[in-house]
Amino acid sequence: MSERNPADIGGEQDGPIDTVDHGLKFWEKQANALRNTLTSRKVVRLDELRRAAEDLGLRYYRLGYFERTTEALRNLLLEKGMLTRAELERKMAEVRRRYDP
Amino acid sequence: MSATHDHHPQEKDEGPPSEHEIMSRAMQELLEEKGLITSEQVRRRMELFEQEFPQRGSRVVAHAWADPAFRKRLLADGKAACAQWGLELEADRLIAVENTPQVHNVVVCTLCSCYPRALLGMPPTWYKSESYRRRVVREPRAVLKEFGTLIPGHVSIRVHDSNADMRYVVVPMRPSGTEGWTEEQLASILTRDTLVGVALPKV
Amino acid sequence: MTPSAYTPAPRRRFNVGERVRVKVANPPGHRRTPSYIRGKEGAIERVCGCFPNPEELAYGFDGEPKRVLYRVRFKQQDVWSGYDALAEDFVELEIYEHWLDPA
């Protein structure tokens with residue numbers, strides 16, 4: 001692993017692999033489709049998303065795969081000014097309320 | 001309000017949403033509101049990933065088993081061969097690697113999770129796991145053993161790290177006992193795991 | 001024109017079969033050359049084509065001019081000390097031309 005890139009892990013030691021495919025939750029399928037739609041429409045580039053995931057640093061290892069890709073997308077959209085923090089917080093509160101009637 | 005708020009049957013069993021789920025939905029809705037994407041586009045992608053992409057890999061390789069000329073074209077240029085056969089692989093620059101009595105192939109993306117999604121659908125959770133990404137380039141035999149796949153000592157293993165622009169699919173050896181099978185029957189033993197290289201087709 | 005996995009790379013530095021060594025370098029930022037292969041020697045297995053540089057795309061630049069991408073084949077024994085298996089095990093990766101020197 002290079003010092004700065006948490007994704008650069010080929011060849012490191014690790015434990016047994018969980019060889020069962022646990023599939024995707026519904027929101028993960030939707031998150032994947034969102035990511036795919038954004039890259040195919042060139043709203044963001046796949047390379048930018050990868051780099052944004054790497055920029056998470058040590059947090060990279062604390063997140064599951066889709067948590068990581070979601071945070072990377074958020075950080076990238078904020079960085080590019082496509083969303084503001086305020087908008088996102090407002091919308092998240094609105095979404096949260098839908099689940100918590 | 002957009003139509004994405006209707007709950008899909010799968011969601012009902014999955015418990016309260018996590019913070020990341022909320023974040024992802026919020027981002028999607030904001031991007032829709034800003035006109036950068038539509039919910040229909042996202043829904044259509046979900047459909048492709050669920051229903052279309054996962055069926056393709058086994059059909060392509062079954063066709064290669066049945067048709068030597070197609071096999072040759074597939075091994076020369078995976079993307080071109082599929083396109084000629086009527087299968088557009090979107091962004092995937094496909095390279096097909098063949099297993100032989102002397103060589104076994106296995107695929108990984110050590111840096112993230114690059115995978116021929118337009119051919120195989122979503123990668124399995126183990127493919128995206130840090131333990132697979134770390135270990136298979138360095139100890140492929142031990143990793144394959146964890147999948148229950150024993151490669152004889154005299155067979156050489158090639159690990160393909162799809163670390164840049166290309167995507168990979170493994171063409172397994174066609175087992176004996178499949179003589180005269182239809183392509184549909186052949187496709188039924190070409191599981192996703194055989195096309196990534198962690199399993200061998202079983203009759 | 002039929003799509004292809006490959007694009008032309010007429011002005012390339014290396015050809016199939018040539019021995020190359022991956023640079024030893026640890027630059028910051030987004031790189032698609034894994035650490036485990038840096039400094040290792042292998043052979044060009046195929047020429048993939050010319051693609052925009054991912055190291056630039058990652059930051060919103062257009063990645064031009066395109067760089068030549070190669071598949072390079074390495075003997076596992078040459079990559080990992082103490083690699084314990086038959087001599088003919090390989091690892092094959094895609095390496096951009098600017099990461100390669102003649103061996």
# chains A, B, ... in the order shown; residues from 1 in each chain; ligands from 1
$ interface_residues --of "chain C" --to "chain A" --cutoff "12 Å" --atoms "only C-alpha atoms" --output "JSON, numbers by chain"
{"C": [24, 25, 26, 27, 28, 29, 30, 31, 32, 33, 34, 35, 36, 37, 38, 52, 53, 54, 55, 56, 57, 58, 59, 60, 61, 62, 63, 76, 79, 80, 81, 83, 91, 93]}
$ interface_residues --of "chain C" --to "chain B" --cutoff "7 Å" --atoms "only C-alpha atoms" --output "list in words"
Thr2, Pro3, Ser4, Ala5, Arg32, Leu86, Glu88, Asp89, Phe90, Val91, Glu92, Leu93 and Glu94 of chain C
$ closest_residue --among "B:Gly57, B:Gly86, B:Gly121, B:Pro101" --to "chain A" --atoms "only C-alpha atoms"
B:Gly121
$ closest_residue --among "A:Tyr60, A:Tyr99, A:Phe26, A:Tyr65" --to "B:Thr125" --atoms "only C-alpha atoms"
A:Tyr65
$ residues_around --residues "stretch 67-69 of chain B" --least-positions-apart "6" --cutoff "12 Å" --atoms "only C-alpha atoms" --output "list in words"
Arg59, Val60, Val61, Leu75, Ala76, Ala81, Trp85, Thr182 and Glu183 of chain B
$ interface_residues --of "chain A" --to "chain B" --cutoff "8 Å" --atoms "only C-alpha atoms" --output "PyMOL selection string"
chain A and resi 7-23+25-34+36-38+43+50+65+67+70-71+74+83+88+91-92+95-96+99
$ select_by_dssp --residues "stretch 6-161 of chain B" --states "strand (DSSP E)" --output "ChimeraX atom specification"
/B:93-98,103-108,156-161
$ write_last_selection --atoms "C-alpha atoms" --output "short mmCIF file (atom, residue, chain, number, x, y, z; two decimals), in the first residue's frame"
data_model
loop_
_atom_site.label_atom_id
_atom_site.label_comp_id
_atom_site.auth_asym_id
_atom_site.auth_seq_id
_atom_site.Cartn_x
_atom_site.Cartn_y
_atom_site.Cartn_z
CA ARG B 93 -13.34 -2.99 -23.10
CA LEU B 94 -13.55 -6.73 -22.82
CA ILE B 95 -10.56 -9.09 -22.94
CA ALA B 96 -11.39 -12.80 -22.81
CA VAL B 97 -8.73 -15.11 -21.37
CA GLU B 98 -8.93 -18.84 -21.92
CA VAL B 103 -3.25 -22.46 -17.60
CA HIS B 104 -5.94 -21.29 -15.17
CA ASN B 105 -7.01 -17.64 -15.13
CA VAL B 106 -8.52 -15.58 -12.32
CA VAL B 107 -9.56 -11.91 -12.29
CA VAL B 108 -9.41 -9.18 -9.64
CA SER B 156 0.05 -22.41 -14.05
CA ILE B 157 -2.15 -19.66 -12.65
CA ARG B 158 -2.47 -16.22 -14.24
CA VAL B 159 -3.98 -13.48 -12.13
CA HIS B 160 -5.37 -10.55 -14.12
CA ASP B 161 -5.52 -7.30 -12.20
#
$ atom_distance --atom1 "atom CA of C:Gly42" --atom2 "atom CA of C:Lys75"
7.1 Å
$ select_by_dssp --residues "stretch 2-101 of chain A" --states "helix (DSSP H, G or I)" --output "VMD selection string"
chain A and resid 26 to 40 46 to 54 57 to 62 65 to 79 85 to 99
$ write_last_selection --atoms "C-alpha atoms" --output "PDB file, in the first residue's frame"
ATOM      1  CA  PHE A  26     -32.402  -2.296  -2.616  1.00  0.00           C
ATOM      2  CA  TRP A  27     -30.832   1.068  -1.793  1.00  0.00           C
ATOM      3  CA  GLU A  28     -27.446  -0.278  -2.906  1.00  0.00           C
ATOM      4  CA  LYS A  29     -28.887  -1.305  -6.259  1.00  0.00           C
ATOM      5  CA  GLN A  30     -30.330   2.171  -6.588  1.00  0.00           C
ATOM      6  CA  ALA A  31     -27.023   3.780  -5.505  1.00  0.00           C
ATOM      7  CA  ASN A  32     -25.215   1.704  -8.093  1.00  0.00           C
ATOM      8  CA  ALA A  33     -27.695   2.767 -10.767  1.00  0.00           C
ATOM      9  CA  LEU A  34     -27.323   6.404  -9.695  1.00  0.00           C
ATOM     10  CA  ARG A  35     -23.534   6.208  -9.987  1.00  0.00           C
ATOM     11  CA  ASN A  36     -23.802   4.485 -13.335  1.00  0.00           C
ATOM     12  CA  THR A  37     -26.308   7.052 -14.650  1.00  0.00           C
ATOM     13  CA  LEU A  38     -24.068   9.914 -13.551  1.00  0.00           C
ATOM     14  CA  THR A  39     -20.957   8.500 -15.206  1.00  0.00           C
ATOM     15  CA  SER A  40     -22.658   7.443 -18.424  1.00  0.00           C
ATOM     16  CA  LEU A  46     -15.528   7.293 -12.836  1.00  0.00           C
ATOM     17  CA  ASP A  47     -11.899   8.344 -12.274  1.00  0.00           C
ATOM     18  CA  GLU A  48     -13.098  11.249 -10.121  1.00  0.00           C
ATOM     19  CA  LEU A  49     -15.293   8.929  -8.071  1.00  0.00           C
ATOM     20  CA  ARG A  50     -12.394   6.535  -7.520  1.00  0.00           C
ATOM     21  CA  ARG A  51     -10.124   9.365  -6.468  1.00  0.00           C
ATOM     22  CA  ALA A  52     -12.781  10.748  -4.129  1.00  0.00           C
ATOM     23  CA  ALA A  53     -13.000   7.320  -2.476  1.00  0.00           C
ATOM     24  CA  GLU A  54      -9.209   7.262  -2.058  1.00  0.00           C
ATOM     25  CA  GLY A  57      -7.993   8.186   3.792  1.00  0.00           C
ATOM     26  CA  LEU A  58      -8.235   5.902   6.800  1.00  0.00           C
ATOM     27  CA  ARG A  59     -12.039   6.237   6.780  1.00  0.00           C
ATOM     28  CA  TYR A  60     -11.890   4.038   3.654  1.00  0.00           C
ATOM     29  CA  TYR A  61     -11.328   0.985   5.863  1.00  0.00           C
ATOM     30  CA  ARG A  62     -14.167   1.781   8.242  1.00  0.00           C
ATOM     31  CA  TYR A  65     -18.413  -0.745  -0.136  1.00  0.00           C
ATOM     32  CA  PHE A  66     -21.585   1.246  -0.803  1.00  0.00           C
ATOM     33  CA  GLU A  67     -21.057   3.493   2.206  1.00  0.00           C
ATOM     34  CA  ARG A  68     -17.718   4.337   0.704  1.00  0.00           C
ATOM     35  CA  THR A  69     -19.055   5.007  -2.783  1.00  0.00           C
ATOM     36  CA  THR A  70     -21.886   7.128  -1.333  1.00  0.00           C
ATOM     37  CA  GLU A  71     -19.547   9.296   0.716  1.00  0.00           C
ATOM     38  CA  ALA A  72     -17.186   9.597  -2.242  1.00  0.00           C
ATOM     39  CA  LEU A  73     -20.046  10.764  -4.450  1.00  0.00           C
ATOM     40  CA  ARG A  74     -21.210  13.260  -1.831  1.00  0.00           C
ATOM     41  CA  ASN A  75     -17.720  14.686  -1.391  1.00  0.00           C
ATOM     42  CA  LEU A  76     -17.220  14.939  -5.136  1.00  0.00           C
ATOM     43  CA  LEU A  77     -20.564  16.662  -5.758  1.00  0.00           C
ATOM     44  CA  LEU A  78     -19.810  19.156  -2.969  1.00  0.00           C
ATOM     45  CA  GLU A  79     -16.317  19.704  -4.329  1.00  0.00           C
ATOM     46  CA  ARG A  85     -24.066  21.122   2.263  1.00  0.00           C
ATOM     47  CA  ALA A  86     -27.180  23.049   3.261  1.00  0.00           C
ATOM     48  CA  GLU A  87     -29.234  21.573   0.416  1.00  0.00           C
ATOM     49  CA  LEU A  88     -28.058  18.102   1.215  1.00  0.00           C
ATOM     50  CA  GLU A  89     -28.802  18.404   4.914  1.00  0.00           C
ATOM     51  CA  ARG A  90     -32.284  19.753   4.155  1.00  0.00           C
ATOM     52  CA  LYS A  91     -33.026  16.967   1.712  1.00  0.00           C
ATOM     53  CA  MET A  92     -31.667  14.292   4.045  1.00  0.00           C
ATOM     54  CA  ALA A  93     -33.927  15.602   6.824  1.00  0.00           C
ATOM     55  CA  GLU A  94     -36.870  15.412   4.431  1.00  0.00           C
ATOM     56  CA  VAL A  95     -35.996  11.847   3.394  1.00  0.00           C
ATOM     57  CA  ARG A  96     -35.486  10.846   7.022  1.00  0.00           C
ATOM     58  CA  ARG A  97     -38.954  12.180   7.933  1.00  0.00           C
ATOM     59  CA  ARG A  98     -40.532   9.927   5.314  1.00  0.00           C
ATOM     60  CA  TYR A  99     -39.284   6.875   7.162  1.00  0.00           C
TER      61      TYR A  99
END
$ atom_distance --atom1 "atom CA of A:Gly64" --atom2 "atom CA of B:Val169"
25.6 Å
$ atom_distance --atom1 "atom CA of C:Leu100" --atom2 "atom CA of C:Lys23"
5.8 Å
